[in-house]
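**Q** What follows is data01.txt, compact mmCIF, C-alpha atoms and all ligand atoms.
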```
# COMPACT_ATOMS: atom_id res chain seq x y z
CA MET A 1 262.73 264.44 166.71
CA THR A 2 259.76 266.57 165.71
CA LEU A 3 257.92 267.76 168.79
CA PRO A 4 254.16 267.64 169.24
CA ILE A 5 252.29 270.94 169.25
CA SER A 6 253.97 272.96 171.97
CA ASN A 7 252.54 275.79 173.96
CA ALA A 8 255.87 277.35 174.83
CA VAL A 9 256.29 280.87 173.49
CA ILE A 10 259.22 283.25 173.64
CA THR A 11 258.10 286.54 175.16
CA ALA A 12 261.32 288.51 175.72
CA ILE A 13 265.05 288.67 174.97
CA GLY A 14 267.90 290.59 176.57
CA SER A 15 271.68 290.68 176.46
CA TYR A 16 274.75 292.24 177.95
CA VAL A 17 278.43 292.48 177.02
CA PRO A 18 281.15 293.98 179.25
CA GLU A 19 282.53 297.41 178.38
CA LYS A 20 286.19 296.45 178.01
CA VAL A 21 287.18 295.72 174.40
CA LEU A 22 290.18 293.49 173.58
CA THR A 23 291.21 294.08 169.97
CA ASN A 24 293.42 292.01 167.73
CA ALA A 25 296.01 294.80 168.02
CA ASP A 26 295.92 294.37 171.82
CA LEU A 27 296.57 290.63 171.36
CA GLU A 28 299.51 291.36 169.05
CA ALA A 29 301.17 292.91 172.12
CA ILE A 30 300.53 289.79 174.25
CA VAL A 31 301.29 286.83 171.95
CA ASP A 32 302.99 286.21 168.61
CA THR A 33 300.02 286.82 166.29
CA SER A 34 298.65 289.38 163.85
CA ASP A 35 295.35 291.05 163.11
CA GLU A 36 295.58 289.69 159.56
CA TRP A 37 296.03 286.06 160.75
CA ILE A 38 293.17 286.28 163.25
CA VAL A 39 290.73 287.91 160.82
CA GLN A 40 291.58 285.54 158.00
CA ARG A 41 291.35 282.35 160.15
CA THR A 42 288.46 283.32 162.42
CA GLY A 43 286.72 286.54 161.33
CA ILE A 44 287.23 287.94 164.86
CA ARG A 45 288.29 291.59 165.20
CA GLU A 46 287.61 292.22 168.89
CA ARG A 47 285.99 290.66 171.95
CA ARG A 48 284.58 291.90 175.27
CA ILE A 49 286.33 291.13 178.55
CA ALA A 50 284.65 291.12 181.96
CA ALA A 51 286.10 293.29 184.72
CA GLU A 52 288.17 291.46 187.33
CA SER A 53 285.29 291.53 189.80
CA GLN A 54 282.62 290.67 187.19
CA TYR A 55 281.54 287.02 186.96
CA SER A 56 279.06 285.06 184.84
CA SER A 57 276.22 285.77 187.30
CA ASP A 58 276.89 289.53 187.06
CA LEU A 59 276.67 289.39 183.26
CA SER A 60 273.48 287.29 183.53
CA ILE A 61 271.84 289.78 185.88
CA LEU A 62 272.61 292.67 183.53
CA ALA A 63 271.20 290.71 180.55
CA VAL A 64 268.00 290.03 182.54
CA ARG A 65 267.73 293.71 183.53
CA ASP A 66 268.07 294.63 179.83
CA MET A 67 265.28 292.16 178.97
CA ALA A 68 263.01 293.42 181.75
CA ARG A 69 263.48 297.04 180.71
CA ARG A 70 262.87 296.49 176.99
CA TYR A 71 259.87 294.16 177.32
CA ASN A 72 258.40 295.45 180.59
CA VAL A 73 258.78 291.97 182.07
CA GLN A 74 257.49 291.03 185.52
CA LEU A 75 260.38 288.97 186.92
CA THR A 76 259.06 287.89 190.30
CA ASP A 77 256.66 285.23 188.93
CA ILE A 78 259.37 283.40 186.92
CA ASP A 79 259.16 279.85 188.26
CA TYR A 80 262.33 278.28 186.80
CA ILE A 81 265.77 279.58 185.81
CA ILE A 82 268.17 277.55 183.69
CA VAL A 83 271.65 278.95 183.12
CA ALA A 84 273.91 277.47 180.44
CA THR A 85 277.57 278.14 181.20
CA SER A 86 281.01 276.53 181.21
CA THR A 87 282.38 279.34 183.37
CA PRO A 88 280.17 279.58 186.48
CA ASP A 89 281.30 281.93 189.27
CA THR A 90 281.35 278.82 191.48
CA PHE A 91 280.16 275.26 190.97
CA VAL A 92 278.06 275.60 194.13
CA PRO A 93 275.97 277.70 194.39
CA SER A 94 274.83 277.75 190.79
CA VAL A 95 274.74 280.89 188.67
CA ALA A 96 270.97 280.35 188.37
CA SER A 97 270.53 280.56 192.14
CA ARG A 98 272.59 283.76 192.22
CA VAL A 99 270.22 285.24 189.60
CA GLN A 100 267.23 284.15 191.74
CA ALA A 101 268.75 285.83 194.79
CA GLU A 102 269.20 289.08 192.87
CA PHE A 103 265.60 289.29 191.68
CA GLY A 104 263.90 287.50 194.59
CA MET A 105 261.60 285.13 192.68
CA GLN A 106 259.62 282.98 195.14
CA GLY A 107 258.87 279.29 194.51
CA CYS A 108 261.43 279.30 191.71
CA GLY A 109 263.53 276.31 190.59
CA THR A 110 267.13 276.91 189.55
CA ALA A 111 269.76 274.84 187.76
CA ASP A 112 272.95 275.35 185.78
CA LEU A 113 273.51 273.30 182.66
CA GLN A 114 276.91 272.52 181.15
CA ALA A 115 276.90 271.50 177.50
CA ALA A 116 279.69 273.83 176.34
CA CYS A 117 278.77 275.83 173.24
CA ALA A 118 275.60 273.75 172.79
CA GLY A 119 274.45 274.90 176.23
CA PHE A 120 271.99 277.62 175.27
CA THR A 121 270.08 275.50 172.77
CA ALA A 122 270.13 272.54 175.19
CA ALA A 123 268.70 274.83 177.89
CA LEU A 124 265.96 276.00 175.50
CA GLN A 125 265.03 272.36 174.90
CA MET A 126 264.85 271.77 178.69
CA ALA A 127 262.73 274.90 179.15
CA ASN A 128 260.36 273.73 176.43
CA GLY A 129 259.99 270.40 178.25
CA LEU A 130 259.33 272.11 181.59
CA LEU A 131 256.59 274.23 180.03
CA LEU A 132 255.04 271.30 178.13
CA SER A 133 254.93 269.33 181.39
CA GLY A 134 252.45 271.86 182.68
CA ILE A 135 254.35 272.16 185.95
CA TYR A 136 256.04 275.48 185.14
CA LYS A 137 254.61 278.60 183.48
CA LYS A 138 257.47 281.04 183.05
CA VAL A 139 261.03 279.89 182.46
CA LEU A 140 264.10 282.11 182.16
CA VAL A 141 266.92 280.72 180.02
CA ILE A 142 270.33 282.37 180.16
CA GLY A 143 273.57 281.68 178.25
CA THR A 144 276.49 283.36 180.01
CA GLU A 145 280.26 283.11 179.90
CA THR A 146 283.32 284.78 181.36
CA LEU A 147 285.68 282.77 179.16
CA SER A 148 288.42 285.35 179.70
CA LYS A 149 288.78 283.91 183.22
CA ALA A 150 289.40 280.43 181.75
CA THR A 151 291.74 281.49 178.96
CA ASP A 152 295.49 281.04 178.90
CA TYR A 153 296.76 284.34 177.49
CA THR A 154 300.10 282.75 176.65
CA ASP A 155 298.43 280.24 174.29
CA ARG A 156 297.93 282.00 170.95
CA THR A 157 295.82 279.17 169.56
CA THR A 158 293.00 279.79 172.07
CA CYS A 159 293.36 283.31 173.50
CA ILE A 160 292.50 284.93 170.18
CA LEU A 161 289.13 283.17 170.10
CA PHE A 162 287.30 283.78 173.35
CA GLY A 163 285.20 286.62 174.75
CA ASP A 164 282.62 287.31 177.47
CA GLY A 165 278.89 288.07 177.38
CA ALA A 166 275.39 286.94 178.32
CA GLY A 167 272.01 286.58 176.64
CA ALA A 168 268.58 285.67 178.02
CA PHE A 169 265.26 284.43 176.63
CA LEU A 170 261.99 284.30 178.57
CA LEU A 171 259.69 281.40 177.65
CA GLU A 172 256.09 281.18 178.82
CA ALA A 173 253.30 278.63 178.59
CA ALA A 174 250.49 279.85 176.34
CA SER A 175 247.11 278.24 175.80
CA GLY A 176 245.81 277.53 172.32
CA SER A 177 247.76 276.23 169.37
CA LYS A 178 250.40 278.96 169.28
CA SER A 179 253.79 277.31 169.27
CA ASP A 180 257.23 278.84 168.98
CA ILE A 181 259.33 275.69 169.34
CA ILE A 182 258.78 273.76 166.11
CA ALA A 183 261.43 271.04 166.27
CA ALA A 184 264.55 270.02 168.17
CA SER A 185 267.44 267.57 167.97
CA SER A 186 270.61 266.66 169.85
CA ASN A 187 273.68 264.54 169.24
CA THR A 188 276.79 263.83 171.30
CA ASP A 189 280.07 262.14 170.46
CA GLY A 190 281.64 261.69 173.87
CA SER A 191 284.64 259.93 172.33
CA GLY A 192 285.84 263.37 171.16
CA GLY A 193 285.76 264.89 174.64
CA HIS A 194 289.55 265.17 174.75
CA LEU A 195 289.56 267.53 171.75
CA LEU A 196 288.12 270.43 173.74
CA TYR A 197 288.10 270.58 177.53
CA ARG A 198 288.66 272.65 180.64
CA SER A 199 291.88 271.54 182.27
CA SER A 200 291.47 269.94 185.69
CA LEU A 201 292.44 271.49 188.99
CA SER A 202 296.01 270.84 190.11
CA PRO A 203 295.90 267.83 192.43
CA SER A 204 298.70 268.99 194.65
CA ILE A 205 301.73 271.22 194.75
CA GLY A 206 304.31 270.77 197.50
CA GLY A 207 301.98 268.42 199.33
CA TYR A 208 299.08 270.88 199.48
CA ASP A 209 295.95 270.73 197.39
CA ILE A 210 295.47 274.03 195.65
CA ILE A 211 292.80 275.44 193.39
CA ALA A 212 294.73 276.33 190.28
CA THR A 213 293.47 278.20 187.27
CA SER A 214 291.60 275.90 184.93
CA ASN A 215 291.80 276.87 181.30
CA ILE A 216 290.17 275.85 178.04
CA VAL A 217 292.37 273.61 175.95
CA GLN A 218 291.54 272.48 172.46
CA ASN A 219 292.84 270.75 169.39
CA GLY A 220 291.64 273.50 167.06
CA ARG A 221 292.30 271.68 163.82
CA GLU A 222 290.35 268.54 164.87
CA VAL A 223 287.48 270.56 166.34
CA TYR A 224 287.32 272.51 163.10
CA ARG A 225 287.18 269.30 161.03
CA TRP A 226 284.47 267.84 163.29
CA ALA A 227 282.40 271.02 163.08
CA ILE A 228 282.46 271.12 159.28
CA SER A 229 281.75 267.44 158.82
CA GLU A 230 279.51 266.33 161.73
CA VAL A 231 277.74 269.56 162.69
CA SER A 232 276.63 270.15 159.10
CA LYS A 233 275.14 266.63 159.12
CA GLY A 234 273.29 267.38 162.36
CA ILE A 235 271.82 270.58 160.93
CA ASN A 236 270.69 268.81 157.76
CA GLU A 237 269.10 266.04 159.87
CA LEU A 238 267.17 268.56 161.97
CA MET A 239 265.80 270.22 158.82
CA LYS A 240 264.93 266.83 157.32
CA LYS A 241 263.15 265.66 160.47
CA SER A 242 261.15 268.86 160.66
CA GLY A 243 260.24 268.65 156.96
CA THR A 244 261.83 271.97 156.10
CA SER A 245 264.81 273.34 154.18
CA ALA A 246 267.16 276.30 154.41
CA ALA A 247 265.17 278.12 151.73
CA GLN A 248 262.04 277.94 153.92
CA ILE A 249 263.75 279.22 157.08
CA ASN A 250 264.39 282.95 157.53
CA TRP A 251 267.47 282.91 159.76
CA PHE A 252 270.30 280.56 160.71
CA ALA A 253 271.77 281.12 164.20
CA PRO A 254 274.75 278.77 164.56
CA HIS A 255 277.10 278.92 167.52
CA ASN A 256 279.51 281.73 166.66
CA ALA A 257 282.76 279.76 166.98
CA ASN A 258 284.63 280.97 163.97
CA GLN A 259 283.42 282.78 160.81
CA ARG A 260 285.08 280.18 158.59
CA ILE A 261 283.05 277.46 160.31
CA ILE A 262 279.84 279.50 159.85
CA ASP A 263 280.64 280.02 156.15
CA ALA A 264 281.33 276.30 155.65
CA LEU A 265 278.16 275.28 157.51
CA CYS A 266 276.13 277.56 155.24
CA ASP A 267 277.76 275.98 152.23
CA LYS A 268 276.90 272.45 153.40
CA THR A 269 273.35 273.14 154.56
CA GLY A 270 272.01 275.45 151.86
CA PHE A 271 271.76 278.63 153.93
CA HIS A 272 272.86 281.86 152.23
CA LEU A 273 275.53 283.78 154.13
CA GLU A 274 273.04 286.64 154.53
CA GLN A 275 270.77 284.32 156.55
CA ALA A 276 273.52 283.53 159.07
CA LEU A 277 273.43 285.59 162.27
CA SER A 278 277.01 286.30 163.24
CA SER A 279 278.38 288.80 165.72
CA ILE A 280 281.73 287.01 165.91
CA ALA A 281 283.68 290.00 164.53
CA LYS A 282 282.87 292.09 167.60
CA TYR A 283 282.33 289.51 170.37
CA GLY A 284 284.57 286.54 169.39
CA ASN A 285 283.55 283.05 170.55
CA THR A 286 281.36 283.48 173.65
CA SER A 287 280.34 279.79 173.86
CA ALA A 288 276.88 279.43 175.48
CA ALA A 289 276.23 283.17 175.09
CA SER A 290 276.99 283.41 171.38
CA ILE A 291 273.60 282.38 169.98
CA PRO A 292 271.43 284.73 172.09
CA LEU A 293 273.95 287.56 171.54
CA ALA A 294 273.79 287.15 167.75
CA ILE A 295 270.00 286.88 167.79
CA ASP A 296 269.61 289.92 170.02
CA ASP A 297 271.85 291.98 167.73
CA ALA A 298 269.49 291.12 164.86
CA VAL A 299 266.39 291.86 166.97
CA ARG A 300 267.78 295.24 168.02
CA ASP A 301 268.64 296.32 164.47
CA GLY A 302 265.30 295.10 163.11
CA ARG A 303 266.51 292.23 160.92
CA ILE A 304 264.42 289.65 162.81
CA ALA A 305 260.69 290.34 162.69
CA ALA A 306 257.71 288.66 164.34
CA GLY A 307 256.74 285.54 162.38
CA ASP A 308 260.29 284.79 161.21
CA THR A 309 261.64 281.28 161.65
CA ILE A 310 265.14 280.73 163.05
CA LEU A 311 267.26 277.58 163.15
CA LEU A 312 269.48 277.76 166.24
CA TYR A 313 272.36 275.29 166.35
CA GLY A 314 274.83 274.97 169.21
CA PHE A 315 277.91 272.74 169.06
CA GLY A 316 281.12 272.39 171.02
CA GLY A 317 283.00 270.61 173.80
CA GLY A 318 281.69 267.21 174.68
CA LEU A 319 281.48 266.94 171.70
CA THR A 320 277.91 268.23 171.83
CA GLN A 321 275.33 269.34 169.29
CA SER A 322 271.91 270.76 170.07
CA GLY A 323 269.49 272.39 167.64
CA ILE A 324 266.11 274.08 167.73
CA LEU A 325 263.84 275.36 164.99
CA LEU A 326 261.64 278.13 166.33
CA ARG A 327 259.23 280.80 165.29
CA TRP A 328 259.99 284.29 166.57
CA SER A 329 256.78 285.85 167.78
CA ILE A 330 257.80 289.11 169.47
N1 LIG B 1 298.52 283.67 165.30
C1 LIG B 1 299.42 283.32 164.36
N2 LIG B 1 299.69 282.03 164.04
C2 LIG B 1 299.04 281.10 164.73
C3 LIG B 1 298.10 281.40 165.73
C4 LIG B 1 297.86 282.75 166.02
N3 LIG B 1 296.98 283.17 166.95
N4 LIG B 1 297.59 280.25 166.23
C5 LIG B 1 298.19 279.25 165.56
N5 LIG B 1 299.06 279.75 164.66
C6 LIG B 1 299.92 279.05 163.74
C7 LIG B 1 300.19 277.61 164.17
O1 LIG B 1 301.27 277.57 165.09
C8 LIG B 1 300.53 276.96 162.86
O2 LIG B 1 301.84 277.27 162.53
P1 LIG B 1 302.77 276.16 161.81
O3 LIG B 1 302.10 275.83 160.51
O4 LIG B 1 304.07 276.85 161.68
O5 LIG B 1 302.79 274.99 162.76
C9 LIG B 1 299.61 277.68 161.87
O6 LIG B 1 299.24 278.91 162.48
C10 LIG B 1 298.38 276.89 161.52
O7 LIG B 1 297.83 276.39 162.74
P2 LIG B 1 296.46 275.62 162.76
O8 LIG B 1 296.14 275.24 164.16
O9 LIG B 1 296.45 274.57 161.71
O10 LIG B 1 295.53 276.82 162.29
P3 LIG B 1 294.06 276.72 161.78
O11 LIG B 1 293.96 277.21 160.41
O12 LIG B 1 293.45 275.39 162.12
O13 LIG B 1 293.37 277.83 162.70
C11 LIG B 1 292.01 277.88 164.62
C12 LIG B 1 293.40 277.69 164.11
C13 LIG B 1 291.55 279.29 164.30
C14 LIG B 1 292.01 277.67 166.14
C15 LIG B 1 291.10 276.85 163.93
O14 LIG B 1 291.64 275.57 164.04
C16 LIG B 1 289.73 276.84 164.46
O15 LIG B 1 289.03 277.82 164.37
N6 LIG B 1 289.31 275.70 165.01
C17 LIG B 1 288.02 275.57 165.57
C18 LIG B 1 288.09 276.20 166.89
C19 LIG B 1 286.76 276.48 167.37
O16 LIG B 1 285.99 277.18 166.77
N7 LIG B 1 286.53 275.92 168.51
C20 LIG B 1 285.40 276.16 169.17
C21 LIG B 1 284.28 275.31 168.69
S1 LIG B 1 283.38 274.80 169.99
C22 LIG B 1 283.49 276.03 171.03
O17 LIG B 1 283.17 277.13 170.68
C23 LIG B 1 284.06 275.83 172.39
```
I need this file expressed as structure tokens, please.

**A**
Amino acid sequence: MTLPISNAVITAIGSYVPEKVLTNADLEAIVDTSDEWIVQRTGIRERRIAAESQYSSDLSILAVRDMARRYNVQLTDIDYIIVATSTPDTFVPSVASRVQAEFGMQGCGTADLQAACAGFTAALQMANGLLLSGIYKKVLVIGTETLSKATDYTDRTTCILFGDGAGAFLLEAASGSKSDIIAASSNTDGSGGHLLYRSSLSPSIGGYDIIATSNIVQNGREVYRWAISEVSKGINELMKKSGTSAAQINWFAPHNANQRIIDALCDKTGFHLEQALSSIAKYGNTSAASIPLAIDDAVRDGRIAAGDTILLYGFGGGLTQSGILLRWSI
């Protein structure tokens, strides 16, 4: 739905990816695959992998430090933190509360949000609502994943896709008519939940409950079909509802799941490939982190300029879709 005039503005962005690079050649040594197959089917050439002792909160904290350094941000008066992730360090406490502990914000609300690869855009929508409510003034939104810790490296159909990283936006309430969030939409088809999920914990082995590794499992072919058919419809509906078209929007920031999906979404929505922000070749699929990572790459290299409009569109397990049309004002 088209939102009323909002006073939520984006005032800073930051990101972080781990140092360790896992190339397609490295994967050739682990599973039966080839660089040629991976590049042709996904566009991915390498991905970043968190260190053994590095978790989603650690990546988040480094992304926030990057944001604070580049934009000279005062962190202590942030009054809400929302973290989108499918790979939290622990379910309790939340990643958001670990970020609060690191920076010591006082009187600050914290919550993690799980909407798979639609998580970052869903969190932006929540942040917009918190700011419009008038209750909160400065909301930190983070998309972070350590998918490598939830990947089965014997399964060639998934291990070639996933990587680790984190991105953060700061949103603040601003008086006057200035509005960065122009429109938003969501859609969920819960009946497709079985197509992409994190496996459950082992109930028991030898009579003892154990916490086993829980990995991401997906029916790649069906998820691919759904993305091309249903996600393109969702994007077109968001543009229609906001009275705009791909030709009037500067940038398209889809979830970076697979370059073939991005290409097909452009084809079905009218965006030129040059408008699509993709960093999939170097980061792979980083789920909730992929949209802020791709946007921050374009901010850092000067492609995105103040005044540009960007259509962000997350989609993934659930099956979830969540989109936002925004104006970039920094
Ligand atoms: N290397 C070599 N061959 C492989 C590999 C691999 N890594 N993986 C699968 N294959 C083989 C299969 O075994 C199959 O062989 P067969 O024909 O002998 O049976 C063949 O390649 C084709 O397999 P498909 O699964 O049909 O391959 P497809 O072209 O669909 O590509 C892929 C697989 C890349 C996973 C694709 O389905 C895809 O990208 N799906 C969407 C996945 C995605 O983006 N999910 C995330 C969206 S939401 C989120 O981000 C969480």

**Q** Please give me, as a PyMOL selection string, the residues lying within 9 Å of ligand LIG 1 (chain B) when counting all atoms listed in the file.

**A** chain A and resi 27-28+31-38+40-42+116-118+155-162+196-197+216+218-227+255-261+285-288+290+314-317+319-320

**Q** Generate a file of the selected residues that holds C-alpha atoms, formatted as an mmCIF file, keeping the file's coordinate frame.

**A**
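What follows is the written file result.cif:
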```cif
data_model
loop_
_atom_site.group_PDB
_atom_site.id
_atom_site.type_symbol
_atom_site.label_atom_id
_atom_site.label_comp_id
_atom_site.auth_asym_id
_atom_site.auth_seq_id
_atom_site.Cartn_x
_atom_site.Cartn_y
_atom_site.Cartn_z
ATOM 1 C CA LEU A 27 296.570 290.630 171.360
ATOM 2 C CA GLU A 28 299.510 291.360 169.050
ATOM 3 C CA VAL A 31 301.290 286.830 171.950
ATOM 4 C CA ASP A 32 302.990 286.210 168.610
ATOM 5 C CA THR A 33 300.020 286.820 166.290
ATOM 6 C CA SER A 34 298.650 289.380 163.850
ATOM 7 C CA ASP A 35 295.350 291.050 163.110
ATOM 8 C CA GLU A 36 295.580 289.690 159.560
ATOM 9 C CA TRP A 37 296.030 286.060 160.750
ATOM 10 C CA ILE A 38 293.170 286.280 163.250
ATOM 11 C CA GLN A 40 291.580 285.540 158.000
ATOM 12 C CA ARG A 41 291.350 282.350 160.150
ATOM 13 C CA THR A 42 288.460 283.320 162.420
ATOM 14 C CA ALA A 116 279.690 273.830 176.340
ATOM 15 C CA CYS A 117 278.770 275.830 173.240
ATOM 16 C CA ALA A 118 275.600 273.750 172.790
ATOM 17 C CA ASP A 155 298.430 280.240 174.290
ATOM 18 C CA ARG A 156 297.930 282.000 170.950
ATOM 19 C CA THR A 157 295.820 279.170 169.560
ATOM 20 C CA THR A 158 293.000 279.790 172.070
ATOM 21 C CA CYS A 159 293.360 283.310 173.500
ATOM 22 C CA ILE A 160 292.500 284.930 170.180
ATOM 23 C CA LEU A 161 289.130 283.170 170.100
ATOM 24 C CA PHE A 162 287.300 283.780 173.350
ATOM 25 C CA LEU A 196 288.120 270.430 173.740
ATOM 26 C CA TYR A 197 288.100 270.580 177.530
ATOM 27 C CA ILE A 216 290.170 275.850 178.040
ATOM 28 C CA GLN A 218 291.540 272.480 172.460
ATOM 29 C CA ASN A 219 292.840 270.750 169.390
ATOM 30 C CA GLY A 220 291.640 273.500 167.060
ATOM 31 C CA ARG A 221 292.300 271.680 163.820
ATOM 32 C CA GLU A 222 290.350 268.540 164.870
ATOM 33 C CA VAL A 223 287.480 270.560 166.340
ATOM 34 C CA TYR A 224 287.320 272.510 163.100
ATOM 35 C CA ARG A 225 287.180 269.300 161.030
ATOM 36 C CA TRP A 226 284.470 267.840 163.290
ATOM 37 C CA ALA A 227 282.400 271.020 163.080
ATOM 38 C CA HIS A 255 277.100 278.920 167.520
ATOM 39 C CA ASN A 256 279.510 281.730 166.660
ATOM 40 C CA ALA A 257 282.760 279.760 166.980
ATOM 41 C CA ASN A 258 284.630 280.970 163.970
ATOM 42 C CA GLN A 259 283.420 282.780 160.810
ATOM 43 C CA ARG A 260 285.080 280.180 158.590
ATOM 44 C CA ILE A 261 283.050 277.460 160.310
ATOM 45 C CA ASN A 285 283.550 283.050 170.550
ATOM 46 C CA THR A 286 281.360 283.480 173.650
ATOM 47 C CA SER A 287 280.340 279.790 173.860
ATOM 48 C CA ALA A 288 276.880 279.430 175.480
ATOM 49 C CA SER A 290 276.990 283.410 171.380
ATOM 50 C CA GLY A 314 274.830 274.970 169.210
ATOM 51 C CA PHE A 315 277.910 272.740 169.060
ATOM 52 C CA GLY A 316 281.120 272.390 171.020
ATOM 53 C CA GLY A 317 283.000 270.610 173.800
ATOM 54 C CA LEU A 319 281.480 266.940 171.700
ATOM 55 C CA THR A 320 277.910 268.230 171.830
#
```

**Q** Here is a test: counting only C-alpha atoms, which residue of A:Asp189, A:Glu237, A:Asp267, A:Glu145 is nearest to Ile291 (chain A)?

**A** A:Glu145

**Q** Skipping near chain neighbours, those fewer than 3 positions away, what residues fall within 8 Å of Cys108 (chain A) using all atoms listed in the file, listed as an MDAnalysis selection string?

**A** chainID A and resid 78:81 100 105

**Q** So that I can see what lies close to Gly284 (chain A), please list as a PyMOL selection string the residues with an atom at most 7 Å from it, counting only C-alpha atoms and leaving out residues fewer than 4 positions away in the same chain.

**A** chain A and resi 44+46-47+161-163+280

**Q** To one decimal place in Å, what is the distance between CA of Gln114 (chain A) and CA of Val9 (chain A)?

**A**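 Interatomic distance, CA of Gln114 (chain A) to CA of Val9 (chain A): 23.5 Å.
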
**Q** What's around region 123-127 of chain A at 8 Å? Count all atoms listed in the file, leave out sequence neighbours fewer than 4 positions away in its own chain, and write the answer as a ChimeraX atom specification.

**A** /A:82-84,113,119,131,139-141,171,184,324

**Q** Go ahead and write the selection's residues with C-alpha atoms as a short mmCIF file (atom, residue, chain, number, x, y, z; two decimals), in the frame of the given file.

**A**
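New file selection33.cif:
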```cif
data_model
loop_
_atom_site.label_atom_id
_atom_site.label_comp_id
_atom_site.auth_asym_id
_atom_site.auth_seq_id
_atom_site.Cartn_x
_atom_site.Cartn_y
_atom_site.Cartn_z
CA ILE A 82 268.17 277.55 183.69
CA VAL A 83 271.65 278.95 183.12
CA ALA A 84 273.91 277.47 180.44
CA LEU A 113 273.51 273.30 182.66
CA GLY A 119 274.45 274.90 176.23
CA LEU A 131 256.59 274.23 180.03
CA VAL A 139 261.03 279.89 182.46
CA LEU A 140 264.10 282.11 182.16
CA VAL A 141 266.92 280.72 180.02
CA LEU A 171 259.69 281.40 177.65
CA ALA A 184 264.55 270.02 168.17
CA ILE A 324 266.11 274.08 167.73
#
```

**Q** How far is it from CA of Asp301 (chain A) to CA of Leu277 (chain A), in Å with one decimal?

**A**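 Separating CA of Asp301 (chain A) from CA of Leu277 (chain A) is a distance of 12.0 Å.
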
**Q** Residues proximal to (285.2, 292.7, 187.7) were defined as those with any atom within 12 Å of that point in the file's coordinates, counting only C-alpha atoms. Which are they, as a count of residues only?

**A** 19

**Q** Interatomic distance between CA of Asp263 (chain A) and CA of Trp251 (chain A)?

**A**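 Interatomic distance here is 14.0 Å.
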
**Q** Which residue out of A:Gln106, A:Ser242, A:Thr90, A:Ser232 has the minimum interatomic distance to Phe271 (chain A) when all atoms listed in the file are used?

**A**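 Looking at the shortest contact to Phe271 (chain A), the residue is A:Ser232.
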
**Q** Taking (265.9, 295.5, 176.9) in the file's own coordinates, collect the residues within 10 Å, counting all atoms listed in the file, and hand them back as a PyMOL selection string.

**A** chain A and resi 12-16+62-73+296+300

**Q** Taking every listed atom of region 104-108 of chain A and adding 6 Å to each side, what centre and edge lengths in Å (one decimal) does the axis-aligned box have, as AutoDock Vina command-line options?

**A**
```
--center_x 261.4 --center_y 283.4 --center_z 193.4 --size_x 17.0 --size_y 20.2 --size_z 15.4
```

**Q** Skip Glu102 (chain A) itself and residues of its chain fewer than 4 positions away, then list as a count of residues only all residues within 9 Å of it, counting all atoms listed in the file.

**A** 3
